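Structure data follow from structure_30.pdb (PDB, C-alpha atoms and all ligand atoms):
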```pdb
MODEL        1
ATOM      1  CA  MET A   1      -0.287  17.350  -3.578  1.00  0.00           C
ATOM      2  CA  ASN A   2       2.203  15.658  -1.329  1.00  0.00           C
ATOM      3  CA  GLN A   3       0.924  14.634   2.063  1.00  0.00           C
ATOM      4  CA  GLY A   4       3.965  12.596   2.965  1.00  0.00           C
ATOM      5  CA  VAL A   5       4.047   8.919   3.722  1.00  0.00           C
ATOM      6  CA  GLN A   6       1.004   7.426   5.374  1.00  0.00           C
ATOM      7  CA  ILE A   7       1.970   4.578   7.660  1.00  0.00           C
ATOM      8  CA  LEU A   8      -0.348   1.867   8.869  1.00  0.00           C
ATOM      9  CA  ALA A   9       1.628   0.576  11.841  1.00  0.00           C
ATOM     10  CA  ARG A  10       0.844  -2.857  13.222  1.00  0.00           C
ATOM     11  CA  CYS A  11       0.730  -3.241  16.978  1.00  0.00           C
ATOM     12  CA  PRO A  12       3.320  -5.918  17.899  1.00  0.00           C
ATOM     13  CA  LYS A  13       1.031  -7.192  20.641  1.00  0.00           C
ATOM     14  CA  CYS A  14      -2.465  -7.372  19.159  1.00  0.00           C
ATOM     15  CA  ASP A  15      -1.923  -6.662  15.414  1.00  0.00           C
ATOM     16  CA  ALA A  16      -4.247  -3.647  15.406  1.00  0.00           C
ATOM     17  CA  ALA A  17      -3.663  -1.311  12.433  1.00  0.00           C
ATOM     18  CA  LEU A  18      -2.712   2.177  13.618  1.00  0.00           C
ATOM     19  CA  PRO A  19      -2.563   5.039  11.083  1.00  0.00           C
ATOM     20  CA  VAL A  20       0.424   7.387  11.457  1.00  0.00           C
ATOM     21  CA  ASP A  21       1.296  10.460   9.345  1.00  0.00           C
ATOM     22  CA  ALA A  22       5.033  10.230   8.773  1.00  0.00           C
ATOM     23  CA  PRO A  23       5.688  14.019   8.640  1.00  0.00           C
ATOM     24  CA  GLN A  24       3.995  14.599  12.017  1.00  0.00           C
ATOM     25  CA  ALA A  25       4.744  11.262  13.622  1.00  0.00           C
ATOM     26  CA  PRO A  26       5.457  11.306  17.371  1.00  0.00           C
ATOM     27  CA  ALA A  27       8.305   9.283  18.899  1.00  0.00           C
ATOM     28  CA  SER A  28       5.832   6.721  20.117  1.00  0.00           C
ATOM     29  CA  ILE A  29       2.172   5.872  19.772  1.00  0.00           C
ATOM     30  CA  ARG A  30      -0.203   3.990  22.032  1.00  0.00           C
ATOM     31  CA  CYS A  31      -2.265   1.162  20.622  1.00  0.00           C
ATOM     32  CA  GLY A  32      -5.949   2.073  20.828  1.00  0.00           C
ATOM     33  CA  ARG A  33      -6.948  -1.534  21.235  1.00  0.00           C
ATOM     34  CA  CYS A  34      -4.556  -3.033  23.801  1.00  0.00           C
ATOM     35  CA  GLY A  35      -2.807   0.042  25.255  1.00  0.00           C
ATOM     36  CA  GLN A  36       0.678  -1.069  24.200  1.00  0.00           C
ATOM     37  CA  ASP A  37       3.204   1.750  23.731  1.00  0.00           C
ATOM     38  CA  ILE A  38       4.914   1.420  20.367  1.00  0.00           C
ATOM     39  CA  ALA A  39       8.131   3.285  19.581  1.00  0.00           C
ATOM     40  CA  ILE A  40       8.077   4.917  16.135  1.00  0.00           C
ATOM     41  CA  ALA A  41      11.507   5.600  14.652  1.00  0.00           C
ATOM     42  CA  ILE A  42      11.002   7.263  11.281  1.00  0.00           C
ATOM     43  CA  THR A  43      14.025   7.619   9.040  1.00  0.00           C
ATOM     44  CA  GLU A  44      14.878  10.790   7.133  1.00  0.00           C
ATOM     45  CA  SER A  45      13.926   9.137   3.815  1.00  0.00           C
ATOM     46  CA  ILE A  46      10.461   8.134   5.008  1.00  0.00           C
ATOM     47  CA  ARG A  47       9.831  11.534   6.574  1.00  0.00           C
ATOM     48  CA  ALA A  48      10.777  13.203   3.272  1.00  0.00           C
ATOM     49  CA  ASP A  49       8.721  10.694   1.220  1.00  0.00           C
ATOM     50  CA  ARG A  50      11.825   9.608  -0.703  1.00  0.00           C
ATOM     51  CA  ALA A  51      11.979   5.912   0.115  1.00  0.00           C
ATOM     52  CA  VAL A  52      10.900   3.350   2.657  1.00  0.00           C
ATOM     53  CA  ASP A  53      14.258   2.131   3.908  1.00  0.00           C
ATOM     54  CA  ARG A  54      13.724   1.051   7.503  1.00  0.00           C
ATOM     55  CA  CYS A  55      10.503   0.056   9.235  1.00  0.00           C
ATOM     56  CA  PRO A  56       9.654   2.570  12.006  1.00  0.00           C
ATOM     57  CA  VAL A  57       7.969  -0.158  14.063  1.00  0.00           C
ATOM     58  CA  CYS A  58      10.295  -3.192  13.954  1.00  0.00           C
ATOM     59  CA  GLN A  59      13.468  -1.634  12.436  1.00  0.00           C
ATOM     60  CA  GLY A  60      13.402  -4.250   9.684  1.00  0.00           C
ATOM     61  CA  THR A  61      14.802  -3.398   6.247  1.00  0.00           C
ATOM     62  CA  ASP A  62      12.966  -6.004   4.196  1.00  0.00           C
ATOM     63  CA  PHE A  63       9.846  -4.939   2.332  1.00  0.00           C
ATOM     64  CA  TYR A  64       7.670  -6.075  -0.510  1.00  0.00           C
ATOM     65  CA  THR A  65       5.344  -4.169  -2.819  1.00  0.00           C
ATOM     66  CA  ARG A  66       1.802  -5.204  -3.533  1.00  0.00           C
ATOM     67  CA  LYS A  67      -1.179  -3.700  -5.304  1.00  0.00           C
ATOM     68  CA  ASP A  68      -3.319  -1.565  -3.060  1.00  0.00           C
ATOM     69  CA  PHE A  69      -6.464  -3.031  -4.462  1.00  0.00           C
ATOM     70  CA  ASN A  70      -9.594  -0.942  -4.751  1.00  0.00           C
ATOM     71  CA  PRO A  71     -11.882  -3.144  -6.896  1.00  0.00           C
ATOM     72  CA  GLN A  72     -14.873  -0.832  -6.600  1.00  0.00           C
ATOM     73  CA  LEU A  73     -13.107   2.178  -8.092  1.00  0.00           C
ATOM     74  CA  GLY A  74     -11.619   0.149 -10.956  1.00  0.00           C
ATOM     75  CA  LEU A  75     -14.964  -1.384 -11.797  1.00  0.00           C
ATOM     76  CA  THR A  76     -16.691   2.014 -11.783  1.00  0.00           C
ATOM     77  CA  VAL A  77     -14.162   3.432 -14.243  1.00  0.00           C
ATOM     78  CA  VAL A  78     -14.635   0.505 -16.636  1.00  0.00           C
ATOM     79  CA  ILE A  79     -18.455   0.529 -16.405  1.00  0.00           C
ATOM     80  CA  VAL A  80     -18.726   4.286 -16.936  1.00  0.00           C
ATOM     81  CA  GLY A  81     -16.308   3.999 -19.865  1.00  0.00           C
ATOM     82  CA  ALA A  82     -18.339   1.152 -21.370  1.00  0.00           C
ATOM     83  CA  LEU A  83     -21.613   3.095 -21.009  1.00  0.00           C
ATOM     84  CA  ILE A  84     -20.223   6.235 -22.661  1.00  0.00           C
ATOM     85  CA  SER A  85     -18.685   4.238 -25.499  1.00  0.00           C
ATOM     86  CA  ALA A  86     -21.991   2.352 -26.012  1.00  0.00           C
ATOM     87  CA  VAL A  87     -23.729   5.677 -26.634  1.00  0.00           C
ATOM     88  CA  PHE A  88     -21.158   6.637 -29.293  1.00  0.00           C
ATOM     89  CA  TYR A  89     -21.331   3.139 -30.793  1.00  0.00           C
ATOM     90  CA  TRP A  90     -25.115   3.497 -31.083  1.00  0.00           C
ATOM     91  CA  PHE A  91     -24.682   6.663 -33.141  1.00  0.00           C
ATOM     92  CA  GLY A  92     -22.177   4.965 -35.414  1.00  0.00           C
ATOM     93  CA  ARG A  93     -19.073   6.633 -34.030  1.00  0.00           C
ATOM     94  CA  ASP A  94     -17.086   3.426 -33.659  1.00  0.00           C
ATOM     95  CA  LEU A  95     -13.672   5.003 -33.424  1.00  0.00           C
ATOM     96  CA  ILE A  96     -14.672   7.324 -30.595  1.00  0.00           C
ATOM     97  CA  ALA A  97     -16.365   4.403 -28.828  1.00  0.00           C
ATOM     98  CA  TYR A  98     -13.207   2.287 -28.972  1.00  0.00           C
ATOM     99  CA  GLY A  99     -11.139   5.262 -27.946  1.00  0.00           C
ATOM    100  CA  ILE A 100     -13.193   5.769 -24.799  1.00  0.00           C
ATOM    101  CA  LEU A 101     -13.054   2.067 -23.955  1.00  0.00           C
ATOM    102  CA  ALA A 102      -9.284   2.112 -24.346  1.00  0.00           C
ATOM    103  CA  GLY A 103      -9.118   5.276 -22.234  1.00  0.00           C
ATOM    104  CA  ALA A 104     -11.113   3.669 -19.435  1.00  0.00           C
ATOM    105  CA  ALA A 105      -8.884   0.597 -19.508  1.00  0.00           C
ATOM    106  CA  LEU A 106      -5.833   2.868 -19.431  1.00  0.00           C
ATOM    107  CA  ILE A 107      -7.120   4.812 -16.424  1.00  0.00           C
ATOM    108  CA  ASP A 108      -7.776   1.475 -14.744  1.00  0.00           C
ATOM    109  CA  LEU A 109      -4.226   0.361 -15.501  1.00  0.00           C
ATOM    110  CA  VAL A 110      -2.721   3.556 -14.105  1.00  0.00           C
ATOM    111  CA  VAL A 111      -4.875   3.454 -10.975  1.00  0.00           C
ATOM    112  CA  TYR A 112      -3.984  -0.161 -10.282  1.00  0.00           C
ATOM    113  CA  GLY A 113      -0.560  -0.472 -11.738  1.00  0.00           C
ATOM    114  CA  ARG A 114       1.328   2.592 -10.629  1.00  0.00           C
ATOM    115  CA  LEU A 115      -0.358   4.933  -8.223  1.00  0.00           C
ATOM    116  CA  LYS A 116      -1.876   2.344  -5.940  1.00  0.00           C
ATOM    117  CA  GLU A 117       1.062   0.329  -4.766  1.00  0.00           C
ATOM    118  CA  VAL A 118       1.637  -0.202  -1.119  1.00  0.00           C
ATOM    119  CA  THR A 119       4.920  -1.149   0.537  1.00  0.00           C
ATOM    120  CA  VAL A 120       4.607  -3.750   3.277  1.00  0.00           C
ATOM    121  CA  CYS A 121       7.096  -4.701   5.984  1.00  0.00           C
ATOM    122  CA  TYR A 122       7.842  -8.428   5.871  1.00  0.00           C
ATOM    123  CA  ARG A 123       8.247  -8.691   9.629  1.00  0.00           C
ATOM    124  CA  CYS A 124       5.483  -6.700  11.302  1.00  0.00           C
ATOM    125  CA  HIS A 125       3.206  -6.107   8.270  1.00  0.00           C
ATOM    126  CA  SER A 126       3.151  -2.338   8.676  1.00  0.00           C
ATOM    127  CA  GLU A 127       2.052  -0.655   5.435  1.00  0.00           C
ATOM    128  CA  PHE A 128       3.410   2.466   3.720  1.00  0.00           C
ATOM    129  CA  ARG A 129       1.697   4.693   1.181  1.00  0.00           C
ATOM    130  CA  GLY A 130       3.294   7.743  -0.394  1.00  0.00           C
ATOM    131  CA  SER A 131       4.631   9.199  -3.622  1.00  0.00           C
ATOM    132  CA  TYR A 132       8.151   7.798  -3.086  1.00  0.00           C
ATOM    133  CA  GLU A 133       9.543   5.433  -5.709  1.00  0.00           C
ATOM    134  CA  ARG A 134       8.633   1.788  -5.115  1.00  0.00           C
ATOM    135  CA  THR A 135      11.831  -0.212  -5.041  1.00  0.00           C
ATOM    136  CA  ALA A 136      10.815  -3.227  -2.963  1.00  0.00           C
ATOM    137  CA  PRO A 137      10.374  -6.516  -4.868  1.00  0.00           C
ATOM    138  CA  ALA A 138       7.128  -8.487  -5.102  1.00  0.00           C
ATOM    139  CA  PHE A 139       6.027 -10.740  -2.265  1.00  0.00           C
ATOM    140  CA  ASP A 140       8.130 -13.835  -1.680  1.00  0.00           C
ATOM    141  CA  LEU A 141       6.649 -16.565   0.494  1.00  0.00           C
ATOM    142  CA  HIS A 142       9.958 -18.026   1.619  1.00  0.00           C
ATOM    143  CA  THR A 143      11.326 -14.646   2.731  1.00  0.00           C
ATOM    144  CA  ALA A 144       8.055 -13.979   4.556  1.00  0.00           C
ATOM    145  CA  ASP A 145       8.244 -17.306   6.422  1.00  0.00           C
ATOM    146  CA  VAL A 146      11.793 -16.706   7.590  1.00  0.00           C
ATOM    147  CA  LEU A 147      11.364 -13.053   8.607  1.00  0.00           C
ATOM    148  CA  GLU A 148       7.971 -13.456  10.291  1.00  0.00           C
ATOM    149  CA  VAL A 149       9.267 -16.251  12.511  1.00  0.00           C
ATOM    150  CA  GLU A 150      12.357 -14.218  13.370  1.00  0.00           C
ATOM    151  CA  TYR A 151      10.233 -11.198  14.313  1.00  0.00           C
ATOM    152  CA  GLU A 152       7.673 -13.150  16.326  1.00  0.00           C
ATOM    153  CA  ARG A 153      10.456 -14.811  18.316  1.00  0.00           C
ATOM    154  CA  ARG A 154      11.948 -11.388  19.010  1.00  0.00           C
ATOM    155  CA  ILE A 155       8.724  -9.904  20.335  1.00  0.00           C
ATOM    156  CA  GLY A 156       7.946 -13.095  22.246  1.00  0.00           C
ATOM    157  CA  ARG A 157       4.939 -14.322  20.297  1.00  0.00           C
ATOM    158  CA  ARG A 158       6.475 -17.742  19.684  1.00  0.00           C
TER     159      ARG A 158
HETATM  160 ZN    ZN B   1      -2.313  -3.443  20.421  1.00  0.00          ZN
HETATM  161 ZN    ZN B   2       8.151  -3.671  10.432  1.00  0.00          ZN
ENDMDL
END
```
Would you write the structure of this file as structure tokens?
Amino acid sequence: MNQGVQILARCPKCDAALPVDAPQAPASIRCGRCGQDIAIAITESIRADRAVDRCPVCQGTDFYTRKDFNPQLGLTVVIVGALISAVFYWFGRDLIAYGILAGAALIDLVVYGRLKEVTVCYRCHSEFRGSYERTAPAFDLHTADVLEVEYERRIGRR
């Protein structure tokens, strides 16, 4: 099921997180917290869920990828896996028990490692979730320092 890219746009004025569906995104949105009008310029690639190439909020082209952490879900998978494998272990089915444990760990790895990665704009911190291929590198503190200052100067926060 492809729902397109989900964008969590950051209001340049008050930093509120504003959810936007890329396929149905309007040309501009109004911040629900401070009333600021924010222009949304979505590229063809983002609309088609192919790649995040240019930030619709700040027009920046620098992104990083980070884990979209959902600790509760991961923990549940491991605990349920451990419980099921304990039952098999109790009945002397060691191999099945280890198999289930490994399966739970594998599900955990897939959930964390591949499917749940979020792309973040270095400048305005807008977030992008979709089935497009993650190409952005991991977070780099130096890049973040430089680009955040540049952006905040541009929007008059510094
Ligand atoms: Zn705002
Ligand atoms: Zn941005």
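Comparing A:Leu147, A:Ile100, A:Cys11, A:Leu95 by their smallest distance to ligand ZN 1 (chain B), the closest is A:Cys11 (using all atoms listed in the file).
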Note to self: Would you pick out the contacts of range 54-59 of chain A at 9 Å or less, using all atoms listed in the file, so that residues sharing its chain but fewer than 4 positions from it are not included, and give the list as a ChimeraX atom specification?
What the structure shows: /A:9-12,38-43,45-46,63,121,123-124,126,151
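Counting from CA of Gly103 in chain A, the distance to CA of Lys116 in chain A is 18.1 Å.
Distance annotation: of A:Val77, A:Val5, A:Ile84, A:Cys34, the residue with the minimal separation from ligand ZN 1 (chain B) is A:Cys34; atom set is only C-alpha atoms and all ligand atoms.
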For the contact check between chain A and ligand ZN 1 (chain B), emit one row per residue of chain A within 7 Å, containing the shortest atom pair and the distance in Å rounded to one decimal, counting only C-alpha atoms and all ligand atoms, chain then rising number order, as CSV.
```
residue,atom,partner,partner_atom,distance
A:Cys11,CA,B:ZN1,ZN,4.6
A:Pro12,CA,B:ZN1,ZN,6.6
A:Lys13,CA,B:ZN1,ZN,5.0
A:Cys14,CA,B:ZN1,ZN,4.1
A:Asp15,CA,B:ZN1,ZN,6.0
A:Ala16,CA,B:ZN1,ZN,5.4
A:Cys31,CA,B:ZN1,ZN,4.6
A:Gly32,CA,B:ZN1,ZN,6.6
A:Arg33,CA,B:ZN1,ZN,5.1
A:Cys34,CA,B:ZN1,ZN,4.1
A:Gly35,CA,B:ZN1,ZN,6.0
A:Gln36,CA,B:ZN1,ZN,5.4
```
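Taking CA of Asp49 in chain A and CA of Glu133 in chain A as the two end points, the separation is 8.7 Å.
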Checklist line | Interatomic distance (Å, one decimal) between CA of Ile155 in chain A and CA of Val120 in chain A | finding: 18.6 Å
Item checked: Nearest residue to ligand ZN 2 (chain B) from the set A:Tyr132, A:Tyr122, A:Trp90, A:Tyr98 (distances using all atoms listed in the file) -> A:Tyr122
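Counting all atoms listed in the file and comparing A:Gln3, A:Thr143, A:Thr61, A:Thr76, the residue that lies closest to Arg129 in chain A is A:Gln3.
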Checklist line | the PyMOL selection byres (((chain A and resi 118) around 6) and not hetatm) resolved against shown file, as a ChimeraX atom specification | finding: /A:65-66,68,117,119,128-129
Next item on the list: Please evaluate the PyMOL selection byres (((chain A and resi 4) around 8) and not hetatm) against the structure above and give the resulting residues as a PyMOL selection string.
Entry: chain A and resi 2-3+5-6+21-23+47-49+130-131
Check: Which one is closest to ligand ZN 2 (chain B): A:Asp53, A:Asp94, A:Asp145, A:Asp108? Count only C-alpha atoms and all ligand atoms.
Finding: A:Asp53
